[in-house]
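Below: the structure, in structure tokens.
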Number of protein chains: 2
Amino acid sequence: MVRPREFDDDEAAEGLLGAFWRHGYARTSIPTLTDATGLLPGSLYAAFGSKEVMFRIAVERYIAEIRRALTTEKRGLDALRHVLDTVVRLTAKDPERRGCLVLNAIPESTTMAPETRQALQGGLDEMRRLLRGHLREAAADAGARIDVERLEALCFAAAVSTRVLGRAGQPRRLLQGIADGAVAAVRDALAQAT
Amino acid sequence: MVRPREFDDDEAAEGLLGAFWRHGYARTSIPTLTDATGLLPGSLYAAFGSKEVMFRIAVERYIAEIRRALTTEKRGLDALRHVLDTVVRLTAKDPERRGCLVLNAIPESTTMAPETRQALQGGLDEMRRLLRGHLREAAADAGARIDVERLEALCFAAAVSTRVLGRAGQPRRLLQGIADGAVAAVRDALAQAT
DNA sequence: GGGGTTATTGACTGAGCATTCAAGAACTGG
DNA sequence: CCAGTTCTTGAATGCTCAGTCAATAACCCC
């Protein structure tokens, strides 16, 4: 190495994430990204190679951030409630109502590279697995035989729609109703199967 | 009138709808729209005025189409199940997996004119009202006092996420699980409150 | 301190975008 | 069949986009 980078990779990635999260992929131009990162086009392309790679970096960073925010020491139904409540809180407290970077990008991902689409799918899969784990735990703890697949689908639907409707500017009351509805459905299913 | 239009307004609108549904707003260029409608730029602009108005026409047409598809003579819980099953069927049977024009457009609607955003909100509101009506009917028919607001949120979440995850290419099994989960939650709530 | 390597700079390129418009074509009423 | 009106045509306009590159600057090692 001879001339060191003047910028911090992490800060640059954070800037990319902020821009793509707010504006989506297509509406984020290179000038937007230079503003968001403080880097000039040449530096951005030297570091990342293409706009789509910059987006992929942002997606991976976003998923890691969400993973951290949803990690909990709680178990079973408590953990499930905590996850869905956290999704509601994160969504509603954002004054810009940016929703979810991954879900926002799904509609415009049809023409993206397989690697990018896979990164987005990975985000969805991880959320689903997280919910499934807590559901299985809840069933085991209660000694109840519940339809995990169906309840997992319902909880996943709650998380997804909360994020989407958050971006749509729907009131927090609705988002909380979704989370409460899903948790109540799981609680009732557990109670009935015990 | 002196020189009559050579094209049919309805066919043109259908072409606009097809293009915007498949590609979203930003990625649909005027050349794409001339291909989809068979009209040249001049004719499109003479007839509609701007790309965003063309989009609004498409949204209104889309909402009318969905309204027709979800209208049923059934009542209460049967109607609710019918609506959610129809959403699943429409979503999964589309080989292009275009999802919902309205929900697809939400992330990129932030910079659109208030009129356009209102048209999109109108689509969401209409879906919510439809579900609420069937839920109230179901509660009245069963003589049950249920938490309509929460169950409405849950069913709305099911419909929204089905469409979004359809565009994401998720398997039909998941989409059906969401609908079944929501219907089961309503059924259980009714049974418990009777 | 100089040679070799890599980073930064910002103007530049070519393509594609939404939109316009002047010219010509098609029709109606008189 | 002509005057008047509206529609169609497709090239042109000005802009913005993603991506490039030659010049310059910064640094390390010897």
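In the structure tokens, chains take letters A, B, ... by order of appearance, with residues numbered from 1 within each chain and ligands from 1 in the order shown.
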Residues of chain A within 7 Å of chain B, counting only C-alpha atoms, as a PDB file with N, CA and C atoms, in the first residue's frame:
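Result file is selection_4.pdb:
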ATOM      1  N   GLY A  24     -34.760   4.847  -2.622  1.00  0.00           N
ATOM      2  CA  GLY A  24     -34.853   3.670  -3.468  1.00  0.00           C
ATOM      3  C   GLY A  24     -33.697   3.602  -4.436  1.00  0.00           C
ATOM      4  N   ALA A  26     -33.543   3.261  -8.070  1.00  0.00           N
ATOM      5  CA  ALA A  26     -33.580   4.008  -9.337  1.00  0.00           C
ATOM      6  C   ALA A  26     -33.471   5.511  -9.116  1.00  0.00           C
ATOM      7  N   ASN A 104     -38.803  -2.271   0.156  1.00  0.00           N
ATOM      8  CA  ASN A 104     -38.940  -1.167  -0.792  1.00  0.00           C
ATOM      9  C   ASN A 104     -38.316  -1.514  -2.145  1.00  0.00           C
ATOM     10  N   ILE A 106     -37.900  -4.555  -3.488  1.00  0.00           N
ATOM     11  CA  ILE A 106     -38.442  -5.736  -4.182  1.00  0.00           C
ATOM     12  C   ILE A 106     -39.087  -5.374  -5.535  1.00  0.00           C
ATOM     13  N   PRO A 107     -39.972  -4.371  -5.576  1.00  0.00           N
ATOM     14  CA  PRO A 107     -40.617  -4.094  -6.864  1.00  0.00           C
ATOM     15  C   PRO A 107     -39.646  -3.706  -7.967  1.00  0.00           C
ATOM     16  N   GLU A 108     -38.569  -3.043  -7.628  1.00  0.00           N
ATOM     17  CA  GLU A 108     -37.647  -2.613  -8.686  1.00  0.00           C
ATOM     18  C   GLU A 108     -36.458  -3.558  -8.840  1.00  0.00           C
ATOM     19  N   ARG A 150     -48.328 -22.243   9.659  1.00  0.00           N
ATOM     20  CA  ARG A 150     -49.358 -21.228   9.460  1.00  0.00           C
ATOM     21  C   ARG A 150     -49.141 -20.004  10.328  1.00  0.00           C
ATOM     22  N   LEU A 151     -48.762 -20.228  11.572  1.00  0.00           N
ATOM     23  CA  LEU A 151     -48.527 -19.098  12.472  1.00  0.00           C
ATOM     24  C   LEU A 151     -47.271 -18.332  12.073  1.00  0.00           C
ATOM     25  N   ALA A 153     -46.300 -18.012   8.994  1.00  0.00           N
ATOM     26  CA  ALA A 153     -46.735 -17.208   7.855  1.00  0.00           C
ATOM     27  C   ALA A 153     -47.451 -15.955   8.333  1.00  0.00           C
ATOM     28  N   LEU A 154     -48.288 -16.112   9.360  1.00  0.00           N
ATOM     29  CA  LEU A 154     -49.050 -14.970   9.867  1.00  0.00           C
ATOM     30  C   LEU A 154     -48.141 -13.922  10.500  1.00  0.00           C
ATOM     31  N   ALA A 157     -46.200 -12.197   7.837  1.00  0.00           N
ATOM     32  CA  ALA A 157     -47.100 -11.243   7.177  1.00  0.00           C
ATOM     33  C   ALA A 157     -47.225  -9.974   8.010  1.00  0.00           C
ATOM     34  N   ALA A 158     -47.291 -10.133   9.323  1.00  0.00           N
ATOM     35  CA  ALA A 158     -47.409  -8.973  10.205  1.00  0.00           C
ATOM     36  C   ALA A 158     -46.173  -8.084  10.086  1.00  0.00           C
ATOM     37  N   VAL A 160     -43.902  -7.962   7.622  1.00  0.00           N
ATOM     38  CA  VAL A 160     -43.782  -7.405   6.275  1.00  0.00           C
ATOM     39  C   VAL A 160     -44.750  -6.241   6.076  1.00  0.00           C
ATOM     40  N   SER A 161     -46.006  -6.462   6.438  1.00  0.00           N
ATOM     41  CA  SER A 161     -47.002  -5.427   6.175  1.00  0.00           C
ATOM     42  C   SER A 161     -46.779  -4.205   7.058  1.00  0.00           C
ATOM     43  N   ARG A 167     -44.077   2.720   5.401  1.00  0.00           N
ATOM     44  CA  ARG A 167     -43.639   3.572   4.282  1.00  0.00           C
ATOM     45  C   ARG A 167     -44.838   4.298   3.655  1.00  0.00           C
ATOM     46  N   ALA A 168     -45.986   3.633   3.670  1.00  0.00           N
ATOM     47  CA  ALA A 168     -47.195   4.240   3.098  1.00  0.00           C
ATOM     48  C   ALA A 168     -47.763   5.315   4.016  1.00  0.00           C
ATOM     49  N   LEU A 174     -52.601   1.477  13.468  1.00  0.00           N
ATOM     50  CA  LEU A 174     -52.822   0.329  12.575  1.00  0.00           C
ATOM     51  C   LEU A 174     -51.659  -0.659  12.676  1.00  0.00           C
ATOM     52  N   GLY A 177     -51.848  -2.532  15.773  1.00  0.00           N
ATOM     53  CA  GLY A 177     -52.964  -3.485  15.672  1.00  0.00           C
ATOM     54  C   GLY A 177     -52.552  -4.755  14.946  1.00  0.00           C
ATOM     55  N   ILE A 178     -51.745  -4.607  13.933  1.00  0.00           N
ATOM     56  CA  ILE A 178     -51.255  -5.772  13.190  1.00  0.00           C
ATOM     57  C   ILE A 178     -50.406  -6.660  14.092  1.00  0.00           C
ATOM     58  N   GLY A 181     -52.515  -8.219  16.767  1.00  0.00           N
ATOM     59  CA  GLY A 181     -53.365  -9.261  16.183  1.00  0.00           C
ATOM     60  C   GLY A 181     -52.604 -10.558  15.990  1.00  0.00           C
ATOM     61  N   ALA A 182     -51.387 -10.436  15.485  1.00  0.00           N
ATOM     62  CA  ALA A 182     -50.585 -11.637  15.240  1.00  0.00           C
ATOM     63  C   ALA A 182     -50.210 -12.318  16.548  1.00  0.00           C
ATOM     64  N   ALA A 185     -53.141 -14.062  18.034  1.00  0.00           N
ATOM     65  CA  ALA A 185     -53.469 -15.297  17.320  1.00  0.00           C
ATOM     66  C   ALA A 185     -52.568 -16.434  17.787  1.00  0.00           C
TER      67      ALA A 185
END
Q. If you run DSSP on the backbone, which residues of range 19-186 of chain B are alpha helix (DSSP H), as a ChimeraX atom specification?
A. /B:19-23,30-37,41-48,51-70,76-93,101-105,114-142,148-167,172-186
Q) Residues of chain D within 7 Å of chain A, using only C-alpha atoms (C1' of nucleotides), as a ChimeraX atom specification? A) /D:26-28
What does the file look like for those residues with N, CA and C atoms (P, O5', C5', C4', C3', O3' and C1' of nucleotides), as a PDB file, in the first residue's frame?
ATOM      1  P    DA D  26      -1.373  16.527  -1.500  1.00  0.00           P
ATOM      2  O5'  DA D  26      -1.166  15.049  -0.959  1.00  0.00           O
ATOM      3  C5'  DA D  26      -2.317  14.259  -0.663  1.00  0.00           C
ATOM      4  C4'  DA D  26      -1.874  12.854  -0.349  1.00  0.00           C
ATOM      5  C3'  DA D  26      -0.776  12.773   0.726  1.00  0.00           C
ATOM      6  O3'  DA D  26      -1.218  11.884   1.734  1.00  0.00           O
ATOM      7  C1'  DA D  26      -0.173  11.517  -1.205  1.00  0.00           C
ATOM      8  P    DC D  27      -0.536  11.925   3.175  1.00  0.00           P
ATOM      9  O5'  DC D  27       0.397  10.627   3.180  1.00  0.00           O
ATOM     10  C5'  DC D  27      -0.236   9.364   3.013  1.00  0.00           C
ATOM     11  C4'  DC D  27       0.714   8.420   2.336  1.00  0.00           C
ATOM     12  C3'  DC D  27       1.987   8.112   3.119  1.00  0.00           C
ATOM     13  O3'  DC D  27       1.736   6.971   3.950  1.00  0.00           O
ATOM     14  C1'  DC D  27       2.284   8.108   0.730  1.00  0.00           C
ATOM     15  P    DC D  28       2.830   6.468   5.015  1.00  0.00           P
ATOM     16  O5'  DC D  28       3.649   5.389   4.158  1.00  0.00           O
ATOM     17  C5'  DC D  28       2.939   4.345   3.509  1.00  0.00           C
ATOM     18  C4'  DC D  28       3.935   3.426   2.834  1.00  0.00           C
ATOM     19  C3'  DC D  28       5.116   3.022   3.713  1.00  0.00           C
ATOM     20  O3'  DC D  28       5.363   1.640   3.511  1.00  0.00           O
ATOM     21  C1'  DC D  28       5.891   4.105   1.729  1.00  0.00           C
TER      22       DC D  28
END
(Q) Please identify all residues of chain C having at least one atom at most 7 Å from any atom of chain B, considering only C-alpha atoms (C1' of nucleotides), and return them as a list in words. (A)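 Going by the stated atoms only, the list reads DA26, DC27 and DT28 of chain C.
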Selected residues written out with N, CA and C atoms (P, O5', C5', C4', C3', O3' and C1' of nucleotides), as a JSON list (two decimals), in the first residue's frame:
[["chain", "number", "residue", "atom", "x", "y", "z"],
["C", 26, "DA", "P", -54.49, 10.72, -44.22],
["C", 26, "DA", "O5'", -55.72, 11.13, -43.30],
["C", 26, "DA", "C5'", -55.78, 10.66, -41.96],
["C", 26, "DA", "C4'", -57.02, 11.24, -41.31],
["C", 26, "DA", "C3'", -58.30, 11.05, -42.13],
["C", 26, "DA", "O3'", -59.31, 10.55, -41.28],
["C", 26, "DA", "C1'", -58.02, 13.33, -41.58],
["C", 27, "DC", "P", -60.49, 9.71, -41.87],
["C", 27, "DC", "O5'", -61.71, 10.72, -41.63],
["C", 27, "DC", "C5'", -62.03, 11.04, -40.29],
["C", 27, "DC", "C4'", -62.51, 12.46, -40.20],
["C", 27, "DC", "C3'", -63.84, 12.75, -40.89],
["C", 27, "DC", "O3'", -64.90, 12.51, -39.96],
["C", 27, "DC", "C1'", -62.29, 14.59, -40.91],
["C", 28, "DT", "P", -66.44, 12.69, -40.48],
["C", 28, "DT", "O5'", -66.73, 14.23, -40.18],
["C", 28, "DT", "C5'", -66.60, 14.75, -38.85],
["C", 28, "DT", "C4'", -67.12, 16.18, -38.84],
["C", 28, "DT", "C3'", -68.51, 16.35, -39.46],
["C", 28, "DT", "O3'", -69.25, 17.26, -38.66],
["C", 28, "DT", "C1'", -66.94, 17.71, -40.63]]
Can you check which parts of chain C lie within 8 Å of range 8-24 of chain D? Per residue, the shortest pair of atoms and distance in Å to one decimal, counting only C-alpha atoms (C1' of nucleotides), sorted by chain and number, as CSV.
residue,atom,partner,partner_atom,distance
C:DT9,C1',D:DT24,C1',7.8
C:DT13,C1',D:DT20,C1',7.9
C:DG16,C1',D:DC17,C1',7.8
C:DC17,C1',D:DT16,C1',7.5
C:DT20,C1',D:DT13,C1',7.8
C:DA25,C1',D:DT8,C1',7.4
Output of the above residues as a PDB file, in the first residue's frame, restricted to C-alpha atoms (C1' of nucleotides):
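selection.pdb, written as the output of this step:
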ATOM      1  C1'  DT C   9     -10.144  14.976  -8.659  1.00  0.00           C
ATOM      2  C1'  DT C  13     -18.668  10.846 -22.734  1.00  0.00           C
ATOM      3  C1'  DG C  16     -31.392   7.673 -22.542  1.00  0.00           C
ATOM      4  C1'  DC C  17     -34.791  10.400 -20.472  1.00  0.00           C
ATOM      5  C1'  DT C  20     -42.387  19.763 -27.243  1.00  0.00           C
ATOM      6  C1'  DA C  25     -53.100  14.246 -42.479  1.00  0.00           C
TER       7       DA C  25
END
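Distance check against DT6 in chain D using only C-alpha atoms (C1' of nucleotides): of B:Ala113, B:Leu33, B:Ala46, B:Ala138, the minimum falls on B:Ala46.
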Q: Mind checking which residues fall within 12 Å of DC30 in chain D, counting only C-alpha atoms (C1' of nucleotides), ignoring those fewer than 6 positions away in the same chain, and posting them as a VMD selection string?
A: chain C and resid 1 to 4
Output file for the residues above (C-alpha atoms (C1' of nucleotides), as an mmCIF file, in the first residue's frame):
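The resulting file, selection35.cif, is shown below:
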data_model
loop_
_atom_site.group_PDB
_atom_site.id
_atom_site.type_symbol
_atom_site.label_atom_id
_atom_site.label_comp_id
_atom_site.auth_asym_id
_atom_site.auth_seq_id
_atom_site.Cartn_x
_atom_site.Cartn_y
_atom_site.Cartn_z
ATOM 1 C "C1'" DG C 1 14.729 12.174 -1.055
ATOM 2 C "C1'" DG C 2 13.385 9.838 -5.139
ATOM 3 C "C1'" DG C 3 10.872 5.911 -7.545
ATOM 4 C "C1'" DG C 4 6.894 3.236 -7.536
#
Q | Atom pair CA of Lys74 in chain A / CA of Glu137 in chain A: separation (Å) | A |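 Value for the CA of Lys74 in chain A-CA of Glu137 in chain A distance: 10.6 Å.
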